[in-house]
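Peer 1: Pasting a structure here, questions to come.
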Amino acid sequence: MRVTLLTQYYPPEAGAPQRRLSDLALRLTKRGHRVQVLTGLPNYPGDHVFTEYANRENTVEQQGDVRVARVGLYVPPLKKTILQRLRCYFSFAWSVVRSGRKLLEPTDVVLMESPPLTLAPAGVMLARALKAPLVCNISDLWPQSAVEMGMLRPGPMLRAAQWLERWTYRRAAALSGQTQGICVHLREHAPDKPIHFFPNGVDLEAYGLPVNVEEVRRRFGWRHDEFVAGYTGLFGHAQALWQLLEAARHLRAEDRIRIVLFGDGPCREDLEAQLDVGQPMPWVSLYPAQRAEEMPAIQVALNAGIVPLANQPVFAGARPSKMFEIMAAGRAVVFCGRGEGARLVENGSGASAGVVVPPEEPAELARALKALSADPEACHAMGAAGRLRVTRDFDRNRIAADVEDFLVSVVKSSSHRRARRA
């Protein structure tokens, strides 16, 4: 089978969609399929195209066995307005329409990542040009998410976005969703379409290598007697990372709890400024983003991993990829949120993989960290339960096999329809 992935975001950019899609591409090639990717010049989450990709618009490269074609796009500033964000999305979609077909080889199916929803018309046109069925993978419900985040208000733009969402579902041959909530939404709005659950997962092999925990902790200056709770990932608005710093203000040096944050993004400067205000908190450390291959060892060197979300209704359906990475590392999860993610951590049918606190409640977060640090045996048991859970249900190798079966069924169904019409 020949598979084309259409996505605005792809490595060497960092981020959950980038990891999920590139992992799928590599695993499909290992299963004997030919995979090509159509994506933009890498720039996320910064405000410029990566130096090594400057002036490389409309080029093709190899990432292992995966063929990656790149087109140009407008890169907005780090702190972008809604209009700058839309300009970025539309510029990529236009580049796909203008140049995408010329850069791609024949294919059997096109798998398009959404958001951005604005990519949908370009995806439909590309799939038609390639004479292949289009599968839309919905990793976030737009425009619903944009409304709940305050990015879109009632009016002509929202009505246009809602029309585009319905149009996209009608034009797709099949749909997939990243969470159960998204899949429920898809079944309600596209009951006649095949729908597949394509969840976040984790590379268990990367988290199965031996780690010298003491060496990692010495590298970052963490004492052996400290309880280290960490966040690793994008410093974005959806994470509401201010709640970690406010929780730290409820701690004292004698608590022997350290909060560490690894990453980069539009909110980093605000966090640094917030950390400089008020009484010094030497038990809080901010680090730059680390290379992907270093993250498993860092996760293992933590005592617990924090997964914070903003207090927005849209995040009740979120399953952040970092929670599976923490579980794979065998560490307790501290989940600041509600809904699907909280239920996964609490796991009513078995042992809990961590603790759940309300989002944007720093005092509750601080209390949870104190309780975990005071009970290392319970903390260890939570980590072991989480590792068992991801091994059973969220191994990316199994997830890729399920996606492979789904795509094969879509291709066969499309071929049968074409044969009947002929």
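If you're wondering about the labels, chains in the structure tokens are A, B, ... by order shown, residues count from 1 in each chain, ligands from 1 in order shown.
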If you count only C-alpha atoms, which residues fall within 7 Å of region 260-273 of chain A, apart from same-chain ones fewer than 3 positions away, as a ChimeraX atom specification?
Peer 2: /A:45-46,78-79,229-237,242,276-277,284-289
Peer 1: Using only C-alpha atoms, determine which residues lie at most 10 Å from region 220-223 of chain A, disregarding the query and same-chain residues fewer than 4 positions distant; provide the list as a ChimeraX atom specification.
Peer 2: /A:214-216,227-228,256,258,260,283,285,287,298,301-302
Peer 1: Counting only C-alpha atoms, which residue out of A:Thr7, A:Ala318, A:Phe406, A:Val71 sits closest to Arg19 (chain A)?
Peer 2: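 That would be A:Thr7, the residue with the smallest distance to Arg19 (chain A).
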Peer 1: Name the residues in contact with Ala161 (chain A) at a cut-off of 10 Å, using only C-alpha atoms, excluding same-chain residues fewer than 5 positions from it; report them as an MDAnalysis selection string.
Peer 2: chainID A and resid 117:118 142:144 146 152 156 166:167
Peer 1: May I have the residues from that selection written out with N, CA and C atoms, as a CSV table (one decimal), in the first residue's frame?
Peer 2:
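Saved as result_24.csv:
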chain,number,residue,atom,x,y,z
A,117,LEU,N,-8.2,23.1,10.2
A,117,LEU,CA,-9.4,22.7,9.4
A,117,LEU,C,-9.3,23.4,8.0
A,118,THR,N,-8.6,24.5,8.0
A,118,THR,CA,-8.4,25.2,6.7
A,118,THR,C,-7.7,24.4,5.7
A,142,TRP,N,-12.2,21.4,15.7
A,142,TRP,CA,-12.4,22.8,15.3
A,142,TRP,C,-13.7,22.9,14.4
A,143,PRO,N,-14.4,24.0,14.6
A,143,PRO,CA,-14.1,25.2,15.4
A,143,PRO,C,-14.5,25.2,16.8
A,144,GLN,N,-15.0,24.1,17.3
A,144,GLN,CA,-15.5,24.0,18.7
A,144,GLN,C,-14.4,24.4,19.7
A,146,ALA,N,-11.8,26.3,19.1
A,146,ALA,CA,-11.5,27.7,19.0
A,146,ALA,C,-12.5,28.6,19.7
A,152,LEU,N,-12.5,32.3,18.6
A,152,LEU,CA,-13.6,32.6,17.7
A,152,LEU,C,-14.9,33.0,18.4
A,156,PRO,N,-20.0,35.6,11.3
A,156,PRO,CA,-19.8,35.0,10.0
A,156,PRO,C,-18.6,34.1,10.0
A,166,ARG,N,-18.5,20.6,8.5
A,166,ARG,CA,-19.5,19.6,7.9
A,166,ARG,C,-19.1,19.2,6.5
A,167,TRP,N,-18.6,20.2,5.7
A,167,TRP,CA,-18.2,19.9,4.3
A,167,TRP,C,-17.1,18.9,4.3
Peer 1: Quick one: which region 297-325 of chain A residues come within 9 Å of region 358-373 of chain A, and what is the nearest atom pair for each with the distance in Å to one decimal, counting only C-alpha atoms, rows ordered by chain and ascending number, as JSON lines?
Peer 2:
{"residue": "A:Asn303", "atom": "CA", "partner": "A:Ser373", "partner_atom": "CA", "distance": 8.4}
{"residue": "A:Ala304", "atom": "CA", "partner": "A:Leu372", "partner_atom": "CA", "distance": 8.4}
{"residue": "A:Pro308", "atom": "CA", "partner": "A:Pro359", "partner_atom": "CA", "distance": 6.9}
{"residue": "A:Leu309", "atom": "CA", "partner": "A:Pro359", "partner_atom": "CA", "distance": 6.1}
{"residue": "A:Ala310", "atom": "CA", "partner": "A:Pro359", "partner_atom": "CA", "distance": 6.1}
{"residue": "A:Asn311", "atom": "CA", "partner": "A:Pro359", "partner_atom": "CA", "distance": 5.2}
{"residue": "A:Gln312", "atom": "CA", "partner": "A:Pro359", "partner_atom": "CA", "distance": 8.7}
Peer 1: Output N, CA and C atoms for every residue in the selection just made, as a compact mmCIF listing (two decimals), in the first residue's frame.
Peer 2:
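Saved as again-v5.txt:
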# COMPACT_ATOMS: atom_id res chain seq x y z
N ASN A 303 10.49 11.79 39.76
CA ASN A 303 9.67 10.99 40.67
C ASN A 303 8.21 10.95 40.22
N ALA A 304 7.78 12.03 39.55
CA ALA A 304 6.41 12.11 39.04
C ALA A 304 6.39 13.08 37.87
N PRO A 308 -0.48 19.29 32.97
CA PRO A 308 -1.44 20.36 33.27
C PRO A 308 -2.25 20.76 32.05
N LEU A 309 -3.50 21.13 32.28
CA LEU A 309 -4.36 21.66 31.23
C LEU A 309 -5.07 22.91 31.73
N ALA A 310 -5.44 23.79 30.81
CA ALA A 310 -6.22 24.96 31.16
C ALA A 310 -7.64 24.53 31.55
N ASN A 311 -8.29 25.35 32.34
CA ASN A 311 -9.64 25.04 32.80
C ASN A 311 -10.65 25.46 31.73
N GLN A 312 -10.70 24.68 30.64
CA GLN A 312 -11.60 24.94 29.53
C GLN A 312 -12.39 23.67 29.22
Peer 1: For Met157 (chain A), which residue out of A:Leu86, A:Val357, A:Val124, A:Ala253 is the nearest one, using only C-alpha atoms?
Peer 2: A:Leu86
Peer 1: Could you go through region 50-289 of chain A and tell me which residues DSSP, when run on the backbone, assigns to helix (DSSP H, G or I), listing them as a ChimeraX atom specification?
Peer 2: /A:51-53,82-103,117-130,144-148,156-171,180-189,213-220,242-248,253-255,268-275
Peer 1: Output C-alpha atoms for every residue in the selection just made, as a compact mmCIF listing (two decimals), in the first residue's frame.
Peer 2:
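Result went into out14.txt, see below:
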# COMPACT_ATOMS: atom_id res chain seq x y z
CA THR A 51 18.08 27.54 9.62
CA GLU A 52 18.95 24.31 7.83
CA TYR A 53 15.69 24.54 5.85
CA ILE A 82 -5.76 35.14 15.18
CA LEU A 83 -5.31 36.78 11.77
CA GLN A 84 -1.61 35.88 11.69
CA ARG A 85 -2.47 32.33 12.68
CA LEU A 86 -5.06 32.10 9.90
CA ARG A 87 -2.61 33.55 7.40
CA CYS A 88 -0.16 30.80 8.33
CA TYR A 89 -2.81 28.09 7.85
CA PHE A 90 -4.10 29.45 4.55
CA SER A 91 -0.59 29.93 3.17
CA PHE A 92 0.23 26.27 3.74
CA ALA A 93 -3.07 25.17 2.19
CA TRP A 94 -2.38 27.35 -0.85
CA SER A 95 1.12 25.88 -1.23
CA VAL A 96 -0.39 22.38 -1.12
CA VAL A 97 -2.80 23.29 -3.93
CA ARG A 98 -0.13 25.07 -5.97
CA SER A 99 2.80 22.67 -5.62
CA GLY A 100 1.81 19.55 -3.72
CA ARG A 101 0.77 17.32 -6.62
CA LYS A 102 4.03 17.97 -8.49
CA LEU A 103 6.10 16.85 -5.49
CA LEU A 117 -9.37 22.73 9.42
CA THR A 118 -8.44 25.23 6.70
CA LEU A 119 -6.33 22.47 5.14
CA ALA A 120 -9.44 20.45 4.25
CA PRO A 121 -10.21 21.98 0.81
CA ALA A 122 -6.57 21.51 -0.21
CA GLY A 123 -6.67 17.93 1.07
CA VAL A 124 -9.81 17.18 -0.94
CA MET A 125 -8.28 18.66 -4.09
CA LEU A 126 -5.00 16.80 -3.56
CA ALA A 127 -6.75 13.45 -3.04
CA ARG A 128 -8.78 13.98 -6.21
CA ALA A 129 -5.67 14.87 -8.19
CA LEU A 130 -3.97 11.71 -6.89
CA GLN A 144 -15.50 24.00 18.72
CA SER A 145 -12.08 24.26 20.37
CA ALA A 146 -11.49 27.74 18.96
CA VAL A 147 -14.79 28.95 20.42
CA GLU A 148 -14.13 27.49 23.87
CA PRO A 156 -19.80 35.04 10.00
CA MET A 157 -16.33 33.54 10.61
CA LEU A 158 -17.69 30.95 13.03
CA ARG A 159 -20.55 30.03 10.70
CA ALA A 160 -18.08 29.61 7.85
CA ALA A 161 -15.88 27.37 10.01
CA GLN A 162 -18.85 25.22 11.04
CA TRP A 163 -19.89 24.87 7.40
CA LEU A 164 -16.32 23.87 6.49
CA GLU A 165 -16.29 21.23 9.24
CA ARG A 166 -19.49 19.63 7.90
CA TRP A 167 -18.22 19.88 4.32
CA THR A 168 -14.97 18.15 5.28
CA TYR A 169 -16.77 15.21 6.85
CA ARG A 170 -18.93 14.80 3.74
CA ARG A 171 -15.97 14.86 1.34
CA GLN A 180 -13.20 8.79 22.33
CA GLY A 181 -14.96 12.14 22.65
CA ILE A 182 -13.87 13.15 19.16
CA CYS A 183 -15.06 9.80 17.78
CA VAL A 184 -18.47 10.30 19.41
CA HIS A 185 -18.68 13.74 17.77
CA LEU A 186 -17.74 12.25 14.39
CA ARG A 187 -20.37 9.51 14.66
CA GLU A 188 -23.01 12.13 15.45
CA HIS A 189 -22.06 14.39 12.53
CA VAL A 213 19.09 7.92 37.20
CA GLU A 214 21.75 9.38 39.47
CA GLU A 215 23.78 10.56 36.48
CA VAL A 216 20.76 12.30 34.94
CA ARG A 217 19.86 13.97 38.22
CA ARG A 218 23.45 15.18 38.72
CA ARG A 219 23.44 16.61 35.20
CA PHE A 220 20.51 18.88 36.06
CA TRP A 242 1.37 29.32 35.44
CA GLN A 243 -0.44 26.90 37.77
CA LEU A 244 2.84 25.01 38.32
CA LEU A 245 4.63 28.16 39.43
CA GLU A 246 1.76 29.16 41.67
CA ALA A 247 1.73 25.67 43.18
CA ALA A 248 5.44 26.09 43.88
CA ALA A 253 12.62 24.40 50.92
CA GLU A 254 12.04 21.94 53.76
CA ASP A 255 9.41 20.11 51.66
CA ARG A 268 8.07 30.73 28.03
CA GLU A 269 8.90 34.43 28.41
CA ASP A 270 5.81 34.96 30.55
CA LEU A 271 6.79 32.06 32.79
CA GLU A 272 10.32 33.39 33.21
CA ALA A 273 8.92 36.81 34.13
CA GLN A 274 6.48 35.23 36.59
CA LEU A 275 9.30 33.29 38.21
Peer 1: Calculate how many Å separate CA of Tyr9 (chain A) from CA of Asn200 (chain A), rounding to one decimal.
Peer 2: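 So the two atoms, CA of Tyr9 (chain A) and CA of Asn200 (chain A), lie 15.9 Å apart.
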Peer 1: Using only C-alpha atoms, which of the listed residues (A:Arg343, A:Arg338, A:His224, A:Arg20) sits closest to Ser139 (chain A)?
Peer 2: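 The closest residue to Ser139 (chain A) is A:Arg20.
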Peer 1: So which bits of region 110-253 of chain A end up strand (DSSP E or B) when you DSSP the backbone, as a ChimeraX atom specification?
Peer 2: /A:110-114,134-138,174-177,195-197,202,227-234
Peer 1: Could you list, as JSON, numbers by chain, every residue within 7 Å of Ser114 (chain A), counting only C-alpha atoms and ignoring same-chain residues fewer than 5 positions away?
Peer 2: {"A": [136, 137, 138, 139]}
Peer 1: One number please: CA of Val60 (chain A) to CA of Ala174 (chain A), in Å, one decimal.
Peer 2: 27.8 Å
Peer 1: Pick the closest to Asp375 (chain A) from A:Arg252, A:Ala400, A:Ser22, A:Ala332: which is it, counting only C-alpha atoms?
Peer 2: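 Smallest distance to Asp375 (chain A) is found for A:Ala332.
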Peer 1: What is the distance between CA of Ile306 (chain A) and CA of Val334 (chain A), in Å to one decimal?
Peer 2: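 It comes out at 4.7 Å.
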